[in-house]
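Enquirer: Structure file input.csv, CSV, C-alpha atoms, is pasted below:
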chain,number,residue,atom,x,y,z
A,1,MET,CA,81.1,-44.9,-14.4
A,2,THR,CA,79.3,-42.6,-12.0
A,3,GLU,CA,75.8,-43.5,-10.9
A,4,MET,CA,73.0,-41.6,-12.7
A,5,THR,CA,70.9,-39.5,-10.4
A,6,PHE,CA,67.2,-39.7,-11.3
A,7,ILE,CA,64.8,-37.1,-10.2
A,8,LYS,CA,61.2,-38.3,-10.4
A,9,VAL,CA,58.5,-36.1,-11.6
A,10,GLY,CA,55.1,-37.4,-10.5
A,11,MET,CA,51.7,-36.9,-12.1
A,12,ALA,CA,50.7,-33.3,-12.1
A,13,ASP,CA,54.1,-32.4,-10.8
A,14,LEU,CA,57.2,-30.5,-12.1
A,15,ASN,CA,60.8,-30.2,-11.2
A,16,ILE,CA,64.2,-28.9,-12.5
A,17,ALA,CA,67.6,-30.5,-12.5
A,18,GLY,CA,71.2,-29.8,-13.4
A,19,ASP,CA,74.6,-31.4,-12.8
A,20,GLY,CA,73.9,-34.3,-15.1
A,21,ALA,CA,70.9,-35.5,-13.2
A,22,VAL,CA,68.1,-37.1,-15.2
A,23,LEU,CA,64.5,-36.0,-14.9
A,24,LYS,CA,62.0,-38.9,-15.3
A,25,THR,CA,58.3,-39.3,-15.4
A,26,THR,CA,56.5,-42.6,-15.9
A,27,GLY,CA,53.3,-43.8,-17.5
A,28,LEU,CA,52.3,-40.9,-19.6
A,29,GLY,CA,49.0,-41.6,-21.3
A,30,SER,CA,46.9,-38.6,-22.3
A,31,CYS,CA,49.2,-36.6,-20.0
A,32,VAL,CA,52.1,-34.6,-21.6
A,33,GLY,CA,55.7,-34.7,-20.5
A,34,ILE,CA,57.1,-31.3,-21.5
A,35,THR,CA,60.8,-30.5,-20.9
A,36,LEU,CA,62.7,-27.2,-21.2
A,37,TYR,CA,66.5,-27.2,-21.5
A,38,ASP,CA,69.2,-24.5,-21.3
A,39,PRO,CA,72.1,-26.1,-23.3
A,40,ILE,CA,74.7,-23.6,-22.0
A,41,LEU,CA,73.9,-24.1,-18.3
A,42,LYS,CA,72.9,-27.7,-18.8
A,43,LEU,CA,69.8,-27.0,-16.8
A,44,ALA,CA,66.6,-29.0,-17.4
A,45,GLY,CA,63.0,-28.7,-16.3
A,46,MET,CA,60.2,-31.2,-16.7
A,47,ALA,CA,56.4,-31.1,-16.1
A,48,HIS,CA,53.9,-33.9,-16.2
A,49,ILE,CA,50.8,-32.1,-17.4
A,50,MET,CA,47.4,-33.7,-16.9
A,51,LEU,CA,44.9,-31.1,-18.2
A,52,PRO,CA,45.0,-28.4,-20.9
A,53,ASP,CA,43.7,-25.3,-19.2
A,54,SER,CA,43.5,-24.0,-15.6
A,55,GLN,CA,40.3,-22.2,-16.4
A,56,ILE,CA,38.5,-25.5,-15.8
A,57,ALA,CA,39.9,-25.9,-12.3
A,58,LYS,CA,37.5,-26.1,-9.5
A,59,GLU,CA,40.1,-26.8,-6.8
A,60,GLY,CA,40.7,-24.3,-4.0
A,61,GLN,CA,44.5,-24.4,-4.1
A,62,LEU,CA,45.5,-24.5,-7.8
A,63,ASN,CA,48.2,-27.1,-8.6
A,64,ILE,CA,50.0,-25.1,-11.3
A,65,ALA,CA,52.0,-28.2,-12.4
A,66,LYS,CA,48.8,-29.9,-13.5
A,67,TYR,CA,47.7,-27.5,-16.3
A,68,ALA,CA,49.5,-26.7,-19.5
A,69,ASP,CA,48.9,-23.0,-19.3
A,70,THR,CA,50.3,-22.7,-15.8
A,71,ALA,CA,53.0,-25.4,-15.8
A,72,VAL,CA,55.1,-24.0,-18.7
A,73,PRO,CA,55.3,-20.5,-17.2
A,74,GLU,CA,56.3,-22.0,-13.8
A,75,LEU,CA,59.0,-24.1,-15.4
A,76,VAL,CA,60.4,-21.0,-17.1
A,77,ARG,CA,60.3,-19.2,-13.8
A,78,ARG,CA,62.1,-21.9,-11.9
A,79,LEU,CA,64.8,-22.2,-14.6
A,80,ARG,CA,65.3,-18.5,-14.7
A,81,GLU,CA,65.7,-18.5,-11.0
A,82,LYS,CA,68.7,-20.7,-11.5
A,83,GLY,CA,70.1,-18.4,-14.1
A,84,ALA,CA,68.7,-19.8,-17.4
A,85,ASP,CA,68.0,-17.4,-20.2
A,86,VAL,CA,64.6,-17.8,-21.8
A,87,LYS,CA,66.1,-17.0,-25.2
A,88,ARG,CA,68.3,-20.1,-24.9
A,89,LEU,CA,65.6,-22.5,-23.8
A,90,VAL,CA,64.5,-25.3,-26.1
A,91,ALA,CA,61.6,-27.7,-25.6
A,92,LYS,CA,60.9,-31.3,-26.3
A,93,MET,CA,57.8,-33.2,-25.4
A,94,ALA,CA,56.0,-36.5,-25.5
A,95,GLY,CA,52.6,-38.0,-24.5
A,96,GLY,CA,49.1,-36.8,-25.3
A,97,ALA,CA,47.9,-40.2,-26.4
A,98,GLN,CA,44.3,-41.3,-26.7
A,99,MET,CA,44.5,-44.5,-24.7
A,100,PHE,CA,41.0,-45.7,-25.5
A,101,ALA,CA,39.7,-45.7,-29.0
A,102,PHE,CA,36.0,-45.2,-28.9
A,103,ALA,CA,34.2,-41.9,-28.9
A,104,VAL,CA,31.7,-41.2,-26.2
A,105,GLY,CA,31.1,-37.7,-27.5
A,106,SER,CA,32.7,-36.1,-24.5
A,107,ASP,CA,35.6,-33.7,-24.6
A,108,SER,CA,37.5,-35.8,-22.2
A,109,MET,CA,38.1,-38.4,-25.0
A,110,ARG,CA,40.2,-35.8,-26.8
A,111,ILE,CA,42.2,-34.8,-23.7
A,112,GLY,CA,45.5,-36.0,-25.1
A,113,PRO,CA,45.5,-33.9,-28.3
A,114,ARG,CA,44.1,-30.9,-26.3
A,115,ASN,CA,47.0,-31.2,-23.8
A,116,VAL,CA,49.5,-31.2,-26.7
A,117,GLU,CA,47.8,-28.2,-28.4
A,118,SER,CA,47.7,-26.2,-25.2
A,119,THR,CA,51.3,-27.0,-24.3
A,120,LYS,CA,52.4,-25.7,-27.7
A,121,LEU,CA,50.5,-22.5,-27.2
A,122,ALA,CA,52.1,-22.0,-23.8
A,123,LEU,CA,55.6,-22.5,-25.4
A,124,GLN,CA,54.7,-20.0,-28.2
A,125,ALA,CA,53.9,-17.4,-25.6
A,126,PHE,CA,57.6,-17.5,-24.5
A,127,SER,CA,58.8,-18.0,-28.1
A,128,ILE,CA,60.5,-21.3,-27.0
A,129,PRO,CA,61.2,-23.5,-30.0
A,130,LEU,CA,59.9,-27.1,-29.9
A,131,LEU,CA,62.8,-29.1,-31.1
A,132,SER,CA,61.0,-32.4,-31.3
A,133,GLU,CA,58.0,-34.3,-30.1
A,134,ASP,CA,56.6,-37.8,-29.9
A,135,THR,CA,52.9,-37.2,-29.2
A,136,GLY,CA,49.5,-38.7,-30.0
A,137,ALA,CA,48.8,-42.3,-31.0
A,138,ASN,CA,47.3,-44.7,-28.5
A,139,TYR,CA,50.1,-45.9,-26.3
A,140,GLY,CA,51.8,-45.1,-23.0
A,141,ARG,CA,55.2,-43.5,-22.6
A,142,THR,CA,57.9,-43.2,-19.9
A,143,VAL,CA,60.2,-40.3,-20.6
A,144,GLU,CA,63.6,-39.0,-19.3
A,145,LEU,CA,65.6,-35.9,-20.0
A,146,ASP,CA,69.3,-36.0,-19.3
A,147,SER,CA,70.4,-32.6,-18.0
A,148,GLY,CA,73.9,-33.3,-19.1
A,149,THR,CA,73.1,-33.8,-22.8
A,150,GLY,CA,69.6,-32.6,-23.4
A,151,ILE,CA,68.8,-36.0,-24.8
A,152,PHE,CA,65.1,-36.9,-24.3
A,153,THR,CA,64.4,-40.7,-24.1
A,154,ILE,CA,61.1,-42.3,-24.6
A,155,ARG,CA,60.2,-45.8,-23.6
A,156,SER,CA,57.0,-47.6,-24.7
A,157,VAL,CA,55.7,-51.1,-24.7
A,158,GLN,CA,55.3,-51.4,-28.4
A,159,PHE,CA,58.3,-49.4,-29.7
A,160,GLY,CA,61.0,-49.9,-27.0
A,161,VAL,CA,63.4,-47.0,-26.5
A,162,LYS,CA,63.7,-44.0,-28.7
A,163,GLU,CA,65.7,-40.8,-28.4
A,164,ILE,CA,64.6,-37.4,-29.7
B,1,MET,CA,41.3,-32.9,0.9
B,2,SER,CA,38.3,-34.4,2.5
B,3,LEU,CA,35.6,-35.3,0.1
B,4,PHE,CA,33.0,-35.9,2.9
B,5,PRO,CA,33.3,-33.4,5.7
B,6,ASN,CA,30.5,-35.1,7.7
B,7,ASP,CA,30.1,-38.8,8.5
B,8,GLU,CA,33.2,-39.7,6.5
B,9,ALA,CA,33.7,-43.1,8.0
B,10,PHE,CA,30.0,-44.0,7.5
B,11,LYS,CA,30.0,-42.8,3.9
B,12,LEU,CA,33.1,-44.8,3.1
B,13,ASP,CA,31.4,-47.8,4.6
B,14,VAL,CA,28.4,-47.3,2.4
B,15,LEU,CA,30.7,-47.0,-0.7
B,16,ARG,CA,32.5,-50.2,0.4
B,17,GLU,CA,29.1,-51.9,0.4
B,18,VAL,CA,28.4,-50.5,-3.0
B,19,GLY,CA,31.7,-52.1,-4.2
B,20,ASN,CA,30.8,-55.3,-2.3
B,21,ILE,CA,27.5,-55.7,-4.0
B,22,GLY,CA,28.7,-54.8,-7.5
B,23,SER,CA,31.7,-57.0,-7.5
B,24,GLY,CA,29.8,-59.8,-5.8
B,25,HIS,CA,27.5,-59.9,-8.9
B,26,ALA,CA,30.5,-59.6,-11.2
B,27,ALA,CA,32.2,-62.5,-9.4
B,28,THR,CA,29.1,-64.6,-9.9
B,29,ALA,CA,29.1,-63.8,-13.6
B,30,LEU,CA,32.8,-64.6,-13.9
B,31,SER,CA,32.2,-67.9,-12.1
B,32,THR,CA,29.5,-68.8,-14.6
B,33,LEU,CA,31.8,-67.9,-17.5
B,34,MET,CA,34.8,-69.8,-16.2
B,35,ASP,CA,32.7,-72.6,-14.7
B,36,ARG,CA,34.6,-72.6,-11.5
B,37,PRO,CA,34.3,-70.8,-8.2
B,38,VAL,CA,35.3,-67.1,-8.1
B,39,ASP,CA,35.5,-65.2,-4.8
B,40,MET,CA,36.1,-61.6,-4.0
B,41,ALA,CA,38.3,-59.8,-1.5
B,42,VAL,CA,36.8,-57.2,0.7
B,43,PRO,CA,36.7,-54.0,-1.3
B,44,THR,CA,38.9,-51.1,-0.3
B,45,VAL,CA,37.6,-47.6,-0.6
B,46,SER,CA,40.0,-44.7,-0.3
B,47,LEU,CA,40.8,-41.3,-1.3
B,48,LEU,CA,44.2,-41.7,-3.0
B,49,PRO,CA,46.8,-39.3,-4.4
B,50,PHE,CA,46.9,-39.8,-8.2
B,51,GLU,CA,50.4,-41.2,-7.9
B,52,SER,CA,49.2,-44.0,-5.6
B,53,ILE,CA,46.4,-45.3,-7.8
B,54,ALA,CA,48.7,-47.1,-10.2
B,55,GLU,CA,50.4,-48.7,-7.2
B,56,ARG,CA,47.2,-50.6,-6.6
B,57,VAL,CA,48.0,-52.7,-9.7
B,58,GLY,CA,51.8,-52.9,-9.3
B,59,GLY,CA,53.1,-49.4,-10.2
B,60,PRO,CA,52.8,-46.9,-13.1
B,61,GLU,CA,54.9,-49.0,-15.5
B,62,GLU,CA,53.3,-52.3,-14.7
B,63,LEU,CA,51.8,-53.9,-17.9
B,64,VAL,CA,48.1,-54.5,-17.5
B,65,ILE,CA,45.2,-55.2,-19.7
B,66,ALA,CA,42.4,-52.8,-18.9
B,67,VAL,CA,38.9,-52.5,-20.2
B,68,PHE,CA,37.6,-49.0,-19.7
B,69,PHE,CA,33.9,-48.0,-19.4
B,70,ARG,CA,32.3,-44.7,-18.9
B,71,VAL,CA,29.5,-45.2,-16.4
B,72,GLU,CA,26.5,-43.5,-17.9
B,73,GLY,CA,23.3,-42.3,-16.1
B,74,PRO,CA,22.5,-39.8,-13.4
B,75,ALA,CA,25.6,-40.8,-11.3
B,76,PRO,CA,28.3,-41.1,-13.9
B,77,GLY,CA,31.8,-42.2,-13.3
B,78,ASN,CA,34.7,-44.3,-14.7
B,79,MET,CA,35.2,-48.0,-14.4
B,80,PHE,CA,38.2,-50.2,-15.2
B,81,PHE,CA,38.3,-54.0,-15.3
B,82,ILE,CA,42.0,-54.7,-14.9
B,83,LEU,CA,43.8,-58.0,-15.6
B,84,HIS,CA,47.5,-58.8,-15.2
B,85,PRO,CA,48.8,-60.7,-18.2
B,86,ARG,CA,49.1,-64.0,-16.3
B,87,SER,CA,45.4,-63.8,-15.3
B,88,ALA,CA,44.4,-62.8,-18.8
B,89,ARG,CA,46.1,-65.9,-20.2
B,90,ARG,CA,44.4,-68.1,-17.6
B,91,LEU,CA,41.1,-66.6,-18.4
B,92,LEU,CA,41.5,-67.1,-22.1
B,93,ALA,CA,42.6,-70.7,-21.6
B,94,ARG,CA,39.1,-71.5,-20.3
B,95,PHE,CA,37.5,-70.8,-23.7
B,96,GLU,CA,37.4,-73.7,-26.1
B,97,VAL,CA,37.0,-71.5,-29.2
B,98,LEU,CA,40.2,-69.7,-28.5
B,99,LYS,CA,42.3,-72.9,-28.2
B,100,GLY,CA,45.2,-73.1,-30.5
B,101,SER,CA,45.6,-69.3,-30.7
B,102,GLU,CA,47.6,-69.0,-27.5
B,103,GLY,CA,50.5,-66.5,-27.6
B,104,ASP,CA,52.7,-65.6,-24.6
B,105,GLU,CA,51.6,-63.3,-21.8
B,106,TYR,CA,52.6,-60.3,-23.8
B,107,THR,CA,51.1,-61.0,-27.1
B,108,TYR,CA,47.4,-61.1,-27.8
B,109,SER,CA,45.5,-61.6,-31.0
B,110,GLU,CA,42.7,-59.3,-32.0
B,111,LEU,CA,40.3,-62.1,-31.2
B,112,GLU,CA,41.7,-62.6,-27.8
B,113,LEU,CA,41.6,-58.9,-26.9
B,114,SER,CA,38.1,-58.8,-28.2
B,115,ALA,CA,37.1,-61.8,-26.0
B,116,LEU,CA,38.7,-60.1,-23.0
B,117,CYS,CA,36.9,-56.9,-23.8
B,118,GLU,CA,33.6,-58.8,-24.0
B,119,ILE,CA,34.3,-60.6,-20.7
B,120,GLY,CA,34.9,-57.2,-19.1
B,121,ASN,CA,31.7,-56.0,-20.6
B,122,ILE,CA,29.7,-58.8,-19.2
B,123,LEU,CA,31.2,-58.4,-15.7
B,124,ALA,CA,30.8,-54.6,-15.7
B,125,GLY,CA,27.3,-55.0,-16.8
B,126,SER,CA,26.5,-57.2,-13.9
B,127,TYR,CA,28.4,-54.9,-11.5
B,128,LEU,CA,26.5,-51.9,-12.6
B,129,SER,CA,23.1,-53.4,-13.0
B,130,SER,CA,23.3,-54.7,-9.4
B,131,LEU,CA,24.1,-51.1,-8.4
B,132,GLY,CA,21.2,-49.9,-10.4
B,133,ASP,CA,18.9,-52.3,-8.5
B,134,LEU,CA,20.4,-51.2,-5.2
B,135,THR,CA,20.1,-47.4,-5.8
B,136,GLY,CA,17.2,-47.2,-8.2
B,137,LEU,CA,19.5,-45.1,-10.4
B,138,TYR,CA,20.0,-46.1,-14.0
B,139,MET,CA,23.7,-47.1,-14.5
B,140,SER,CA,24.9,-48.4,-17.7
B,141,PRO,CA,28.4,-49.1,-19.1
B,142,SER,CA,29.4,-47.3,-22.3
B,143,VAL,CA,30.8,-49.3,-25.2
B,144,PRO,CA,33.9,-50.9,-23.7
B,145,SER,CA,37.4,-50.1,-24.9
B,146,ILE,CA,40.5,-52.2,-24.2
B,147,ALA,CA,44.2,-51.3,-23.8
B,148,PHE,CA,47.3,-53.3,-23.0
B,149,ASP,CA,49.8,-50.9,-21.7
B,150,MET,CA,51.5,-49.2,-18.7
B,151,ALA,CA,49.1,-48.9,-15.8
B,152,GLY,CA,49.9,-45.3,-15.2
B,153,ALA,CA,49.1,-44.3,-18.8
B,154,ILE,CA,45.8,-46.2,-18.7
B,155,LEU,CA,44.5,-45.3,-15.2
B,156,SER,CA,45.2,-41.6,-15.5
B,157,PHE,CA,42.4,-41.5,-18.1
B,158,GLY,CA,40.0,-42.3,-15.3
B,159,LEU,CA,41.2,-39.5,-13.1
B,160,LEU,CA,40.4,-36.5,-15.3
B,161,GLN,CA,37.1,-35.7,-13.5
B,162,PHE,CA,38.9,-35.6,-10.2
B,163,GLY,CA,41.8,-33.7,-11.8
B,164,VAL,CA,39.9,-30.4,-11.8
B,165,MET,CA,39.1,-30.8,-8.1
B,166,GLY,CA,42.5,-31.7,-6.7
B,167,ASP,CA,45.2,-34.2,-6.8
B,168,GLU,CA,43.4,-37.2,-5.3
B,169,ALA,CA,40.6,-39.5,-6.4
B,170,LEU,CA,38.2,-41.7,-4.6
B,171,LEU,CA,38.7,-45.3,-5.7
B,172,ILE,CA,36.4,-48.3,-5.0
B,173,ASP,CA,38.8,-51.2,-5.6
B,174,THR,CA,37.6,-54.8,-5.6
B,175,THR,CA,39.6,-57.9,-6.4
B,176,LEU,CA,38.2,-61.1,-7.8
B,177,VAL,CA,40.1,-64.2,-6.8
B,178,GLU,CA,39.9,-67.8,-7.9
B,179,GLY,CA,40.6,-70.7,-5.7
B,180,GLY,CA,41.3,-68.4,-2.8
B,181,GLN,CA,44.7,-67.3,-4.1
B,182,LYS,CA,45.1,-66.3,-7.7
B,183,THR,CA,43.9,-62.9,-8.6
B,184,GLU,CA,41.6,-63.0,-11.6
B,185,GLY,CA,40.9,-59.4,-12.1
B,186,GLN,CA,40.3,-56.1,-10.4
B,187,PHE,CA,37.5,-53.6,-10.7
B,188,PHE,CA,38.2,-49.9,-10.2
B,189,LEU,CA,35.1,-47.7,-9.9
B,190,ILE,CA,35.8,-44.0,-9.7
B,191,PRO,CA,32.5,-42.1,-9.5
B,192,ASP,CA,32.7,-38.5,-10.7
B,193,PRO,CA,33.0,-36.1,-7.8
B,194,GLU,CA,29.4,-34.9,-8.4
B,195,SER,CA,28.0,-38.4,-8.3
B,196,PHE,CA,28.5,-39.1,-4.6
B,197,ASP,CA,25.6,-37.0,-3.3
B,198,LYS,CA,23.3,-38.7,-5.8
B,199,LEU,CA,24.5,-42.1,-4.8
B,200,PHE,CA,24.1,-41.3,-1.1
B,201,ARG,CA,20.6,-39.7,-1.5
B,202,ALA,CA,19.5,-42.8,-3.5
B,203,LEU,CA,20.7,-45.0,-0.6
B,204,GLY,CA,19.1,-42.9,2.1
B,205,VAL,CA,22.3,-41.5,3.5
B,206,PRO,CA,21.9,-38.0,4.8
B,207,VAL,CA,23.7,-35.5,2.6
B,208,GLU,CA,24.6,-32.1,3.9
Turn this file's structure into structure tokens for me.
Expert:
Amino acid sequence: MTEMTFIKVGMADLNIAGDGAVLKTTGLGSCVGITLYDPILKLAGMAHIMLPDSQIAKEGQLNIAKYADTAVPELVRRLREKGADVKRLVAKMAGGAQMFAFAVGSDSMRIGPRNVESTKLALQAFSIPLLSEDTGANYGRTVELDSGTGIFTIRSVQFGVKEI
Amino acid sequence: MSLFPNDEAFKLDVLREVGNIGSGHAATALSTLMDRPVDMAVPTVSLLPFESIAERVGGPEELVIAVFFRVEGPAPGNMFFILHPRSARRLLARFEVLKGSEGDEYTYSELELSALCEIGNILAGSYLSSLGDLTGLYMSPSVPSIAFDMAGAILSFGLLQFGVMGDEALLIDTTLVEGGQKTEGQFFLIPDPESFDKLFRALGVPVE
């Protein structure tokens, strides 16, 4: 059996992979792990989104991988560069949990669901279908996308391993 | 990114002292609760890339128990009291009322989690009230909330305020140790980026 190649996607980071390599991001809480996949080219992209909207950014140099509204277009651009057709792209995603239960009446408490909503809007803008998702609830997730098969694997403490 | 363009070394020293005083009081409170000596390691204060913050507790997939507080008042921020499962078990074993309910390191009853949450609450209360005395700024922990999960998933929640500014956060990290060796718990204080000037002014540090 050949060794799997893992390509790590950090927090507020994105990357693409082909040739059967596996994209992986660890410890998603309220963050969202969104993946795009071209099944013909077997080309995959993943972003670890932290915040819903780049409008709230106060940073000088915008990290476009961090925000849902900028990370999805950037993934599409990177995949197109490698020959992917946006009409073939399909999406899967996980994360967007609310790790802590109480409400302090601030918007940051709902950051998980807002990340999910905003990511969906960004997908709609490109008419990319969301094939499946495992979002919300109150637990952390580590996710992988296999560029060879398009299988999206989710690991969590409570529920073990799940494929979508 | 430099958070403090002027006097950076001095300002980090001041924040280290803030961590020192806060966790010193928390260590005393824990010592009283456990009825045994609890010390603290010298706090570290550093501006860390988001990725590196979970490394401070063993990596993004390390299982930890964390009590989260929003620090409320004029200099708000986020605070975590973090326990590794082994320390949590040791801590719980000190309480007579919880005897007989012991699970393994990875299983906790509602009562046990609630007890850990309350211990975190007491310690955070003494940490923050000593900072309040020091700065003259009212600092109060919100209602505590506990999670037992991957460190990365938990800690990222405390980085959102820094998230809009860049990809790094300033962390005041203090470790409580028992018997000079076993880690009992770790405090992470992550003041909101806007809170530093207020803290420095209150402590008489010149702010540009």
Enquirer: Please determine the contact residues of chain A with respect to chain B at a cut-off of 9 Å, counting all atoms listed in the file, and supply them as number ranges by chain.
Expert: A: 10-12, 26-31, 50-51, 54, 56-63, 66, 97-104, 108-109, 111, 138-142, 156-158
Enquirer: Put those residues in a file: C-alpha atoms, as an mmCIF file, in the frame of the given file.
Expert:
data_model
loop_
_atom_site.group_PDB
_atom_site.id
_atom_site.type_symbol
_atom_site.label_atom_id
_atom_site.label_comp_id
_atom_site.auth_asym_id
_atom_site.auth_seq_id
_atom_site.Cartn_x
_atom_site.Cartn_y
_atom_site.Cartn_z
ATOM 1 C CA GLY A 10 55.100 -37.400 -10.500
ATOM 2 C CA MET A 11 51.700 -36.900 -12.100
ATOM 3 C CA ALA A 12 50.700 -33.300 -12.100
ATOM 4 C CA THR A 26 56.500 -42.600 -15.900
ATOM 5 C CA GLY A 27 53.300 -43.800 -17.500
ATOM 6 C CA LEU A 28 52.300 -40.900 -19.600
ATOM 7 C CA GLY A 29 49.000 -41.600 -21.300
ATOM 8 C CA SER A 30 46.900 -38.600 -22.300
ATOM 9 C CA CYS A 31 49.200 -36.600 -20.000
ATOM 10 C CA MET A 50 47.400 -33.700 -16.900
ATOM 11 C CA LEU A 51 44.900 -31.100 -18.200
ATOM 12 C CA SER A 54 43.500 -24.000 -15.600
ATOM 13 C CA ILE A 56 38.500 -25.500 -15.800
ATOM 14 C CA ALA A 57 39.900 -25.900 -12.300
ATOM 15 C CA LYS A 58 37.500 -26.100 -9.500
ATOM 16 C CA GLU A 59 40.100 -26.800 -6.800
ATOM 17 C CA GLY A 60 40.700 -24.300 -4.000
ATOM 18 C CA GLN A 61 44.500 -24.400 -4.100
ATOM 19 C CA LEU A 62 45.500 -24.500 -7.800
ATOM 20 C CA ASN A 63 48.200 -27.100 -8.600
ATOM 21 C CA LYS A 66 48.800 -29.900 -13.500
ATOM 22 C CA ALA A 97 47.900 -40.200 -26.400
ATOM 23 C CA GLN A 98 44.300 -41.300 -26.700
ATOM 24 C CA MET A 99 44.500 -44.500 -24.700
ATOM 25 C CA PHE A 100 41.000 -45.700 -25.500
ATOM 26 C CA ALA A 101 39.700 -45.700 -29.000
ATOM 27 C CA PHE A 102 36.000 -45.200 -28.900
ATOM 28 C CA ALA A 103 34.200 -41.900 -28.900
ATOM 29 C CA VAL A 104 31.700 -41.200 -26.200
ATOM 30 C CA SER A 108 37.500 -35.800 -22.200
ATOM 31 C CA MET A 109 38.100 -38.400 -25.000
ATOM 32 C CA ILE A 111 42.200 -34.800 -23.700
ATOM 33 C CA ASN A 138 47.300 -44.700 -28.500
ATOM 34 C CA TYR A 139 50.100 -45.900 -26.300
ATOM 35 C CA GLY A 140 51.800 -45.100 -23.000
ATOM 36 C CA ARG A 141 55.200 -43.500 -22.600
ATOM 37 C CA THR A 142 57.900 -43.200 -19.900
ATOM 38 C CA SER A 156 57.000 -47.600 -24.700
ATOM 39 C CA VAL A 157 55.700 -51.100 -24.700
ATOM 40 C CA GLN A 158 55.300 -51.400 -28.400
#
Enquirer: As a PyMOL selection string, please: the residues near B:Ala41 (cut-off 10 Å, only C-alpha atoms, same-chain neighbours under 5 positions excluded).
Expert: chain B and resi 20+23-24+173-177+180+183+186
Enquirer: Any chance you could export the current selection's C-alpha atoms as a compact mmCIF listing (two decimals), keeping the file's coordinate frame?
Expert:
# COMPACT_ATOMS: atom_id res chain seq x y z
CA ASN B 20 30.80 -55.30 -2.30
CA SER B 23 31.70 -57.00 -7.50
CA GLY B 24 29.80 -59.80 -5.80
CA ASP B 173 38.80 -51.20 -5.60
CA THR B 174 37.60 -54.80 -5.60
CA THR B 175 39.60 -57.90 -6.40
CA LEU B 176 38.20 -61.10 -7.80
CA VAL B 177 40.10 -64.20 -6.80
CA GLY B 180 41.30 -68.40 -2.80
CA THR B 183 43.90 -62.90 -8.60
CA GLN B 186 40.30 -56.10 -10.40
Enquirer: So the first atom is atom CA of A:Ala68 and the second is atom CA of A:Ile128; what is the distance between them in Å, to one decimal place?
Expert: 14.4 Å
Enquirer: With only C-alpha atoms counted, which protein, DNA or RNA residues have an atom no more than 8 Å from (39.1, -57.6, -21.9) in the file frame? Please answer as a PyMOL selection string.
Expert: chain B and resi 65-67+81+83+113-121+146
Enquirer: Using only C-alpha atoms, pick whichever of A:Pro129, A:Gly96, A:Pro39, A:Gly33 has the shortest atom-to-atom distance to A:Glu144.
Expert: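 Comparing A:Pro129, A:Gly96, A:Pro39, A:Gly33 against A:Glu144, the winner is A:Gly33.
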Enquirer: Tell me, in Å to one decimal, how far atom CA of A:Gly112 is from atom CA of A:Ile151.
Expert: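 So the answer is 23.3 Å.
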